[in-house]
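Working notes, structure below.
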Amino acid sequence: MSHTTRAAQIAAELQQRILGMRTGERLPGARQLATEFRASAGTISAALATLTALGLILTEPGRGTFVASRAVLPEPDFSWHTQALGRTRVDPVRAARVGAYAGSDHIPLSWGYLSSELLPTEELRQIGARAARSSRAWVMTPPTGSAALRRVLAADYQADPNDVLVVSGGQQGLVGAMRTLAEPGATIIMESPTYPGAILAAQSAGLAIASVPSDRDGILVDRLGEELARTGARLIYVQPSYANPTGAVLSPERRTRLMELAARAGAFIIEDDWARHLGIEQAAPAPLCTQDPHGHVVTVLTLSKPASPGIRLGAIIARGPAGERLRASRTADDLGVSPIVQEIALELLTSPVWPRHLKRLRAALAQRRDALVSAVGTSLPAARIGLIPRGGLHVWAQLPRGTQTQELSAAAHAAGVLVGDGAHFFVDEPPAPFVRLSFGAASAPQIAEGVRRIAALSPTTSTG
């Protein structure tokens, strides 16, 4: 159970207790509550913060926490919101899954970030301390990002630094690109299955989504051509390297064909390059944008995946009028990424720490990936892994037909394992039951234990 969910449960129980108490009556101390509810101090603090926000309690430093006086208010009526807001764009169920994270009592077998022991934490502490002492960390940078950081980010993509726009992570990059490159109501074509956050970004931008199947070599380009002709879409979203959730890498032949189709249709390709630094057996192929002379490719990259989820920093690389519009739109959204975050990123990328970290990371991910594949083969023989990924963080497994993945993921959550319900990775109905299992956030022993728990909940028949 996540920290947030547990805190909400405790807050609800305390709220019922408070209703039977007198104004000014003192609540038990935080330590006593932690013992009573068998929860951490942080969870109790979050629960009390919720009650404070509701005006139910008051905390007096040095004295304790007391029941606040409360006026009797009518029950809230939010029925008018629905008419005022209109139809919802963003799927709240998918959004809840994308934003969910495992608590300390969960084995994170579906999580898009690295575990703390795989992060260069100590090095980042030292870099952060030096960055905080720099005068550049406390002054305004251009909305596009610091010139020095843009030069470093551009180098990997053979790009002009002026075409680089620094953003607060890859997700903001996706939302910004989709909102800017297409009008609401326009169609975006996505490979399927795909990253649920990209689906949410498209929904947030008010786009209609059309899907094209993919296989171990990436999006099916013949089907893509048909969909471009059918929909007249001018926007295509792909993950060419180590796609989430399948691990697929777009083949050289399909890369060429994809570029030809985009040129013929006058379409933009949003290249989600989230896993460039997460290659295991070899480096990721060159970015699509490096073979694009006419600005069809808009690339989104992130440092939050390979460096730290705490570094909310990414970039959009775009040329021509599209790049100009993206930079203008960014100024309308906010005035740039925090300078201190940019300073930390700049020193990390230009120091010996970075290549050493990537080398260690590659070895650790290989060991964990192999542990996951082995655990599935041993404990879940009915599951079929179509592709052992050569990079990224995820394994995509098909389960026996008839498996209800929503029920399975809920049961796994109750059993202390976070599992990715495969249905959330499809734009439309899934063709078969799938789950996403991740290996970047769990140790090898945790992986083995997590898969064993899933196996106890899963059908044992073959996928056929």
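Order determines the names: the first chain of the structure tokens is A, the second B, and so forth; residues in each chain are numbered 1 upward, and ligands are numbered 1 upward as they are shown.
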
Hey, what's within 10 Å of stretch 195-209 of chain A if we count only C-alpha atoms and toss same-chain stuff fewer than 2 positions away? As a PyMOL selection string, please?
chain A and resi 88-92+94-95+97-99+170-193+211+233+235-239+243-246+272+423-428

task: Could you find all residues in stretch 160-336 of chain A that DSSP calls helix (DSSP H, G or I) from the backbone, and write them as a PyMOL selection string?
output: chain A and resi 161-163+170-181+196-204+221-231+252-265+288-291+320-333

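Near A:Leu14, within 12 Å and counting only C-alpha atoms, sit Ala7, Ala8, Gln9, Ile10, Ala11, Ala12, Gln16, Arg17, Ile18, Leu19, Gly20, Met21, Leu27, Pro28, Leu33, Glu36, Phe37, Ile44, Ala47, Leu48, Ala49, Thr50, Leu51, Thr52, Leu56, Ile57 and Val67 of chain A, not including residues fewer than 2 positions from it in the same chain.
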
- A:Gly420 surroundings by only C-alpha atoms, 9 Å radius, close-in-sequence under 4 positions cut, as number ranges by chain: A: 97, 109-111, 405, 409, 424-425, 434-438

Atom CA of A:Ser168 sits from atom CA of A:Arg312 at a separation of 5.0 Å

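Using only C-alpha atoms, the smallest distance between any of A:Ala315, A:Ile454, A:Gly402, A:Ala414 and A:Pro381 comes from A:Ile454.
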
Write out as a ChimeraX atom specification the residues lying within 8 Å of A:Phe439, counting only C-alpha atoms and excluding same-chain residues fewer than 3 positions away. /A:109-110,365,368-369,372,393-395,442-443,447

Can those selected residues be exported to a file as a compact mmCIF listing (two decimals), in the first residue's frame so that it contains N, CA and C atoms?
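Written out: part16.txt:
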```txt
# COMPACT_ATOMS: atom_id res chain seq x y z
N LEU A 109 7.39 -4.03 -9.08
CA LEU A 109 7.59 -4.73 -10.35
C LEU A 109 6.92 -4.03 -11.52
N SER A 110 6.47 -2.81 -11.31
CA SER A 110 6.04 -1.97 -12.43
C SER A 110 6.30 -0.54 -12.01
N LEU A 365 21.49 -3.31 -14.58
CA LEU A 365 20.24 -3.57 -15.30
C LEU A 365 20.28 -4.92 -15.99
N ARG A 368 19.56 -7.55 -13.32
CA ARG A 368 18.17 -7.54 -12.88
C ARG A 368 17.22 -8.01 -13.98
N ARG A 369 17.50 -7.60 -15.21
CA ARG A 369 16.67 -8.10 -16.32
C ARG A 369 16.74 -9.61 -16.39
N LEU A 372 14.73 -11.22 -13.72
CA LEU A 372 13.29 -11.18 -13.97
C LEU A 372 12.88 -12.22 -15.00
N LEU A 393 13.69 -0.57 -19.17
CA LEU A 393 13.43 -0.98 -17.79
C LEU A 393 12.33 -2.03 -17.66
N HIS A 394 11.76 -2.49 -18.80
CA HIS A 394 10.53 -3.27 -18.70
C HIS A 394 10.57 -4.55 -19.53
N VAL A 395 9.81 -5.52 -19.04
CA VAL A 395 9.54 -6.77 -19.76
C VAL A 395 8.03 -6.86 -19.96
N ALA A 442 13.59 -2.90 -8.51
CA ALA A 442 13.59 -4.00 -7.54
C ALA A 442 14.90 -4.77 -7.64
N SER A 443 15.39 -5.25 -6.52
CA SER A 443 16.60 -6.07 -6.50
C SER A 443 16.27 -7.47 -6.99
N ILE A 447 12.71 -9.29 -6.97
CA ILE A 447 12.10 -9.74 -8.22
C ILE A 447 11.62 -11.18 -8.09
```

Would you kindly return, as a VMD selection string, each protein, DNA or RNA residue with an atom no farther than 6 Å from any atom of A:Thr65, considering only C-alpha atoms and excluding same-chain residues fewer than 3 positions away? chain A and resid 26 to 27 58 to 59

query = Please, which residues of stretch 41-195 of chain A, numbered as in this document, come out strand (DSSP E or B) from DSSP, as an NGL selection string?
reply = :A and (57-60 or 64-67 or 107-108 or 164-167 or 187-192)

Can you spit out the residues from that selection as a JSON list (two decimals), in the first residue's frame, using C-alpha atoms?
```json
[["chain", "number", "residue", "atom", "x", "y", "z"],
["A", 57, "ILE", "CA", -7.27, 19.96, 14.40],
["A", 58, "LEU", "CA", -4.80, 22.61, 15.55],
["A", 59, "THR", "CA", -1.18, 21.95, 16.46],
["A", 60, "GLU", "CA", 0.48, 24.12, 19.09],
["A", 64, "GLY", "CA", 0.37, 19.09, 21.28],
["A", 65, "THR", "CA", -2.47, 18.63, 18.81],
["A", 66, "PHE", "CA", -6.02, 19.58, 19.74],
["A", 67, "VAL", "CA", -9.54, 19.31, 18.31],
["A", 107, "ILE", "CA", 7.81, -4.80, -4.37],
["A", 108, "PRO", "CA", 7.94, -2.41, -7.35],
["A", 164, "VAL", "CA", 17.14, 22.73, -27.78],
["A", 165, "LEU", "CA", 14.41, 23.69, -25.30],
["A", 166, "VAL", "CA", 15.02, 22.63, -21.68],
["A", 167, "VAL", "CA", 11.85, 21.43, -19.91],
["A", 187, "THR", "CA", -5.51, 13.14, -34.79],
["A", 188, "ILE", "CA", -2.27, 11.72, -33.45],
["A", 189, "ILE", "CA", -1.18, 8.21, -34.41],
["A", 190, "MET", "CA", 0.51, 6.10, -31.74],
["A", 191, "GLU", "CA", 2.13, 2.70, -31.79],
["A", 192, "SER", "CA", 0.21, 0.23, -29.65]]
```

re atom CA of A:Glu122 and atom CA of A:Ile344: distance 12.9 Å

Please provide as JSON, numbers by chain all residues within 9 Å of stretch 352-362 of chain A, with the sequence filter that same-chain residues fewer than 3 positions apart are discarded (counting only C-alpha atoms).
-> {"A": [118, 119, 120, 123, 277, 278, 279, 280, 281, 306, 307, 348, 349, 365, 366, 367, 391]}

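A straight line drawn from atom CA of A:Trp274 to atom CA of A:Ser304 is 8.8 Å long.
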